[in-house]
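Written below as structure tokens is the structure these notes are about.
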Amino acid sequence: MNIGYIDRLRGLAGDLWNVAVDEHEAGKLDRRELLKYAGLIGIGGLASAALPGFAPTACAAGTPGATIRVGLDQPTAAIDPVLITDSASISILSQVGEYLLFDDAATGLQPSLAVSWQSDDDVTVWTVKLRDGVRFNNGQALTSADVVASFERLVDPANSSSALSAYKGLLSKGSIRAVDPLTVAFHLDVPNSNFPFYISSSVVNAVILPANYDGNFEKSFVGTGPFKLESYRPKQGATFIRNPDYWGEKALPEKVEFTFYNDEQAQVLALKSGALDVIPYTPRSALAVDGNSAYRVISVDSSRHDEVHLRTDQPEFKDKRIRRALALSIDREAVAKGLFRGRARVGNDSPFAPIFASTDQSVPQRKQDLNEAKRLLAEAGVANGFKVTLTTERAYDIPDYAVLIQNFARKIGIDVSLNILPQDGYFGSANFGSSPWLDSTFGITDYGHRGTPDIFLNATLKSSGTWNAAHFNNSDYDRLLLEYGRAKDLKSQRLAAGKIQQLLLDETPLIISYFLQYSRITSAKVAGVGFTAISHLLLARAHTV
């Protein structure tokens, strides 16, 4: 072990950081996890500089001036930073919009519009220092007033922000305060040691907008990012040009052009004809370019998953033995390798994905065990099985996954009928009582990547969670969730996480059998295309080769 390097790491911060360094030195925490933890406690840039072999996100070499052409699906609604959830809108937004912190897949939290962040001893107040000299693309200077207004807009229930699922019970209206023109304090409703992720790109709606933003985003696409709007054509596409007043390194492309498509085959044909440089990835579109050196499939690991919920308050799944039996019927390795062609990692029926530093990797992995599943059903009084309807959305690979679950369940005597709905029909109003997603006895729902498990843990499993489709109501779980949120170091987080993981394996309100990689397909003629697992598309370093 390089003693000088360890000494440099120990000199960066206090006790919490040194606990993480101890784990790194003992081989319990790899370099990537250490970097992620460094970012969480606000020393990401310093820690990165101290780690041998670390290079910040590389500035791609290339000649400035190219036009990068991108195909996207149709945005599902008007592009509004407060409301967006779909990948096409997020990709468009990320050309102009920026966050206080950026959640990098390789290195964790990195400074963006914020340069430092730290909490009080109780992890209930987080203080953020802003970068000086930043201007929006309309010429206005960025100040703490803009940050306060941006987050007040998101946490105000009257605005129906899509970020409310993340902030409910954590951050309330009136709790974000300007300390001075370049300092903001966030006063939390409950302690949370992972809060920096909530003000990062992990919450896609947390883009910083001017305090006087009027709500008509498509008119101006105002933001602090490396590009600015040239033209926007609803249902057709958008064009952005290099922002010459950008606070950071200027974008390489002179222009980025987006075209919206209604069908993935049209995107593939446009890529093959040379009309596009970048398109979304699906297993079907990947098949069309597989083995062809003219194209690349590039991927990042993620916490993205398709969650199977089992209504714990309904007769079919009220008994946890029945829920565990169904989970034991699934061959997770076969799903990951077959359905997703190896671009997935096996899940263990909790939101703690392998990529999270806080995940307790020592918790035993659940595997297919048909004999044990049948024994549990018999013990629960349903040895001959039963009938149940699986309701889900017609999106991505979910219908195929539903068929696999149907076939696995049949092996233990459970007769599953499929009810596959259009996406808008499945989600309905997204409120209990008027949403097949939240009301169905048995369903599958797609969840996009987050940089921390907290949002999943709170929204989908907490007794009062806004996405609690399993109607899971467990006081022990809610107590452990508070313990996890209060944990101030990685060791304590993992201890609480392990307890949560074990409880969820026992109770099984959800089945999470895989975590998907997030991928894009590009022409081999372009390089420097970046993206996040939550659909941000980063084109400032893109160039032709």
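Each chain of the structure tokens is named A, B, ... in the order shown, its residues numbered from 1; ligands are numbered from 1 in display order.
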
For the structure I just gave you, how does DSSP split stretch 214-295 of chain A - specifically, which residues are strand (DSSP E)? Reply as a VMD selection string.
chain A and resid 227 to 233 237 to 242 255 to 261 278 to 280 295

Set the distance at 10 Å and use only C-alpha atoms: which residues neighbour A:Phe408 once local chain neighbours fewer than 6 positions away are removed? I'd like the list as a ChimeraX atom specification.
/A:326-331,368,370,402,414-416

Save the residues we just selected, N, CA and C atoms, as a compact mmCIF listing (two decimals), in the first residue's frame?
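Result written to out39.txt:
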```
# COMPACT_ATOMS: atom_id res chain seq x y z
N LEU A 326 -43.42 -16.89 -4.67
CA LEU A 326 -43.40 -16.35 -6.03
C LEU A 326 -42.00 -15.83 -6.38
N ALA A 327 -41.37 -15.17 -5.42
CA ALA A 327 -40.01 -14.66 -5.66
C ALA A 327 -39.03 -15.80 -5.92
N LEU A 328 -39.22 -16.92 -5.22
CA LEU A 328 -38.32 -18.06 -5.39
C LEU A 328 -38.55 -18.81 -6.70
N SER A 329 -39.65 -18.53 -7.38
CA SER A 329 -39.92 -19.21 -8.66
C SER A 329 -39.10 -18.63 -9.81
N ILE A 330 -38.54 -17.44 -9.63
CA ILE A 330 -37.90 -16.71 -10.74
C ILE A 330 -36.43 -17.07 -10.87
N ASP A 331 -36.02 -17.39 -12.07
CA ASP A 331 -34.60 -17.64 -12.39
C ASP A 331 -33.99 -16.31 -12.83
N GLN A 368 -33.49 -19.09 -7.54
CA GLN A 368 -34.65 -19.93 -7.83
C GLN A 368 -34.58 -21.23 -7.02
N LEU A 370 -37.60 -24.02 -6.66
CA LEU A 370 -38.99 -24.39 -6.89
C LEU A 370 -39.54 -25.28 -5.78
N ALA A 402 -43.18 -9.89 -18.17
CA ALA A 402 -44.45 -10.38 -17.61
C ALA A 402 -44.72 -11.82 -18.05
N ILE A 414 -49.14 -21.41 -9.65
CA ILE A 414 -49.85 -20.13 -9.66
C ILE A 414 -50.22 -19.79 -11.10
N ASP A 415 -51.51 -19.56 -11.33
CA ASP A 415 -52.04 -19.30 -12.67
C ASP A 415 -52.16 -17.78 -12.85
N VAL A 416 -51.27 -17.20 -13.65
CA VAL A 416 -51.20 -15.75 -13.82
C VAL A 416 -51.82 -15.35 -15.16
```

Of the candidates A:Tyr198, A:Gly338, A:Glu152, A:Phe217, which shows the shortest atom-to-atom distance to A:Leu93, using only C-alpha atoms?
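For A:Leu93, the nearest of the given residues is A:Phe217.
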
Considering only C-alpha atoms, return as a list in words whatever protein or nucleic-acid residues lie within 10 Å of A:Pro354, sequence-local ones (same chain, fewer than 5 positions apart) excluded.
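The neighbour list is Asp301, Ser302, Ser303, Arg345, Val346, Gly347, Asn348, Thr359, Asp360, Gln361 and Phe515 of chain A.
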
I need the chosen residues saved as a CSV table (one decimal), in the first residue's frame, with N, CA, C and O atoms.
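Result file is selection_34.csv:
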```csv
chain,number,residue,atom,x,y,z
A,301,ASP,N,-23.5,1.2,-15.7
A,301,ASP,CA,-24.3,0.5,-14.7
A,301,ASP,C,-25.3,1.4,-14.1
A,301,ASP,O,-25.0,2.6,-14.1
A,302,SER,N,-26.4,0.9,-13.6
A,302,SER,CA,-27.4,1.8,-13.0
A,302,SER,C,-28.2,1.1,-11.9
A,302,SER,O,-28.0,-0.1,-11.7
A,303,SER,N,-29.1,1.8,-11.3
A,303,SER,CA,-30.0,1.2,-10.3
A,303,SER,C,-31.4,1.1,-11.0
A,303,SER,O,-32.4,0.8,-10.3
A,345,ARG,N,-27.7,-6.7,-14.1
A,345,ARG,CA,-27.1,-7.4,-12.9
A,345,ARG,C,-28.3,-8.0,-12.1
A,345,ARG,O,-29.3,-7.3,-11.9
A,346,VAL,N,-28.1,-9.1,-11.5
A,346,VAL,CA,-29.1,-9.8,-10.7
A,346,VAL,C,-29.5,-9.0,-9.5
A,346,VAL,O,-28.6,-8.4,-8.8
A,347,GLY,N,-30.8,-8.9,-9.2
A,347,GLY,CA,-31.3,-8.1,-8.0
A,347,GLY,C,-31.7,-9.1,-6.9
A,347,GLY,O,-31.8,-10.3,-7.1
A,348,ASN,N,-31.9,-8.5,-5.7
A,348,ASN,CA,-32.1,-9.4,-4.5
A,348,ASN,C,-33.4,-8.9,-3.8
A,348,ASN,O,-33.4,-8.9,-2.5
A,359,THR,N,-24.9,-0.6,-0.1
A,359,THR,CA,-25.5,-1.9,-0.1
A,359,THR,C,-24.6,-2.9,0.6
A,359,THR,O,-23.4,-3.0,0.5
A,360,ASP,N,-25.3,-3.7,1.5
A,360,ASP,CA,-24.6,-4.8,2.2
A,360,ASP,C,-24.5,-6.0,1.3
A,360,ASP,O,-25.4,-6.7,1.1
A,361,GLN,N,-23.3,-6.2,0.7
A,361,GLN,CA,-23.1,-7.3,-0.2
A,361,GLN,C,-23.0,-8.6,0.4
A,361,GLN,O,-23.0,-9.7,-0.3
A,515,PHE,N,-31.1,-5.3,-12.1
A,515,PHE,CA,-30.9,-3.9,-12.3
A,515,PHE,C,-30.2,-3.7,-13.7
A,515,PHE,O,-29.2,-4.4,-14.0
```

All alpha helix (DSSP H) positions in stretch 37-273 of chain A, as a PyMOL selection string
chain A and resi 37-40+44-50+87-93+144-155+164-167+195-198+217-220+264-273

Would you mind telling me which residue in A:Asp146, A:Glu249, A:Glu98, A:Asp189 lies nearest to A:Val123 when using only C-alpha atoms?
A:Asp189

Quick one: residues within 10 Å of stretch 371-378 of chain A, only C-alpha atoms counted, chain neighbours fewer than 4 positions away excluded, as a list in words?
Asp319, Lys320, Arg321, Ile322, Arg323, Arg324, Ala325, Leu326, Ala327, Leu328, Ser329, Val382, Ala383, Asn384, Gly385, Phe386, Ala409, Lys411, Ile412, Gly413 and Ile414 of chain A

Do you know which residues are at most 12 Å from A:Val545 counting only C-alpha atoms, after dropping those on the same chain fewer than 3 positions away, and could you put them as a VMD selection string?
chain A and resid 60 to 64 66 68 277 523 to 529 542

Please provide the set of residues having any atom within 10 Å of A:His471, restricted to only C-alpha atoms, with same-chain residues fewer than 4 positions apart removed, written as an MDAnalysis selection string.
chainID A and resid 309:314 432 438:439 441 460:465 467 509

Selection near A:Arg153, 10 Å with only C-alpha atoms, sequence-local residues under 4 positions removed, as an MDAnalysis selection string:
chainID A and resid 82 147:149 157:161 163 173 206 209 211

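Each of A:Leu170, A:Val190, A:Ala497, A:Leu113 was checked against A:Val134 using only C-alpha atoms; the smallest atom-to-atom distance is that of A:Leu113.
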
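The two atoms in question, atom CA of A:Thr224 and atom CA of A:Pro196, are spaced 19.8 Å apart.
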
Which one of A:Val203, A:Ala178, A:Ile398, A:Ile420 sits closest to A:Ile534 if you count only C-alpha atoms?
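Among the listed residues, the smallest separation from A:Ile534 belongs to A:Val203.
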
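In this comparison, which uses only C-alpha atoms, the residue of A:Ser350, A:Thr259, A:Phe340, A:Ile444 approaching A:Asp506 most closely is A:Ser350.
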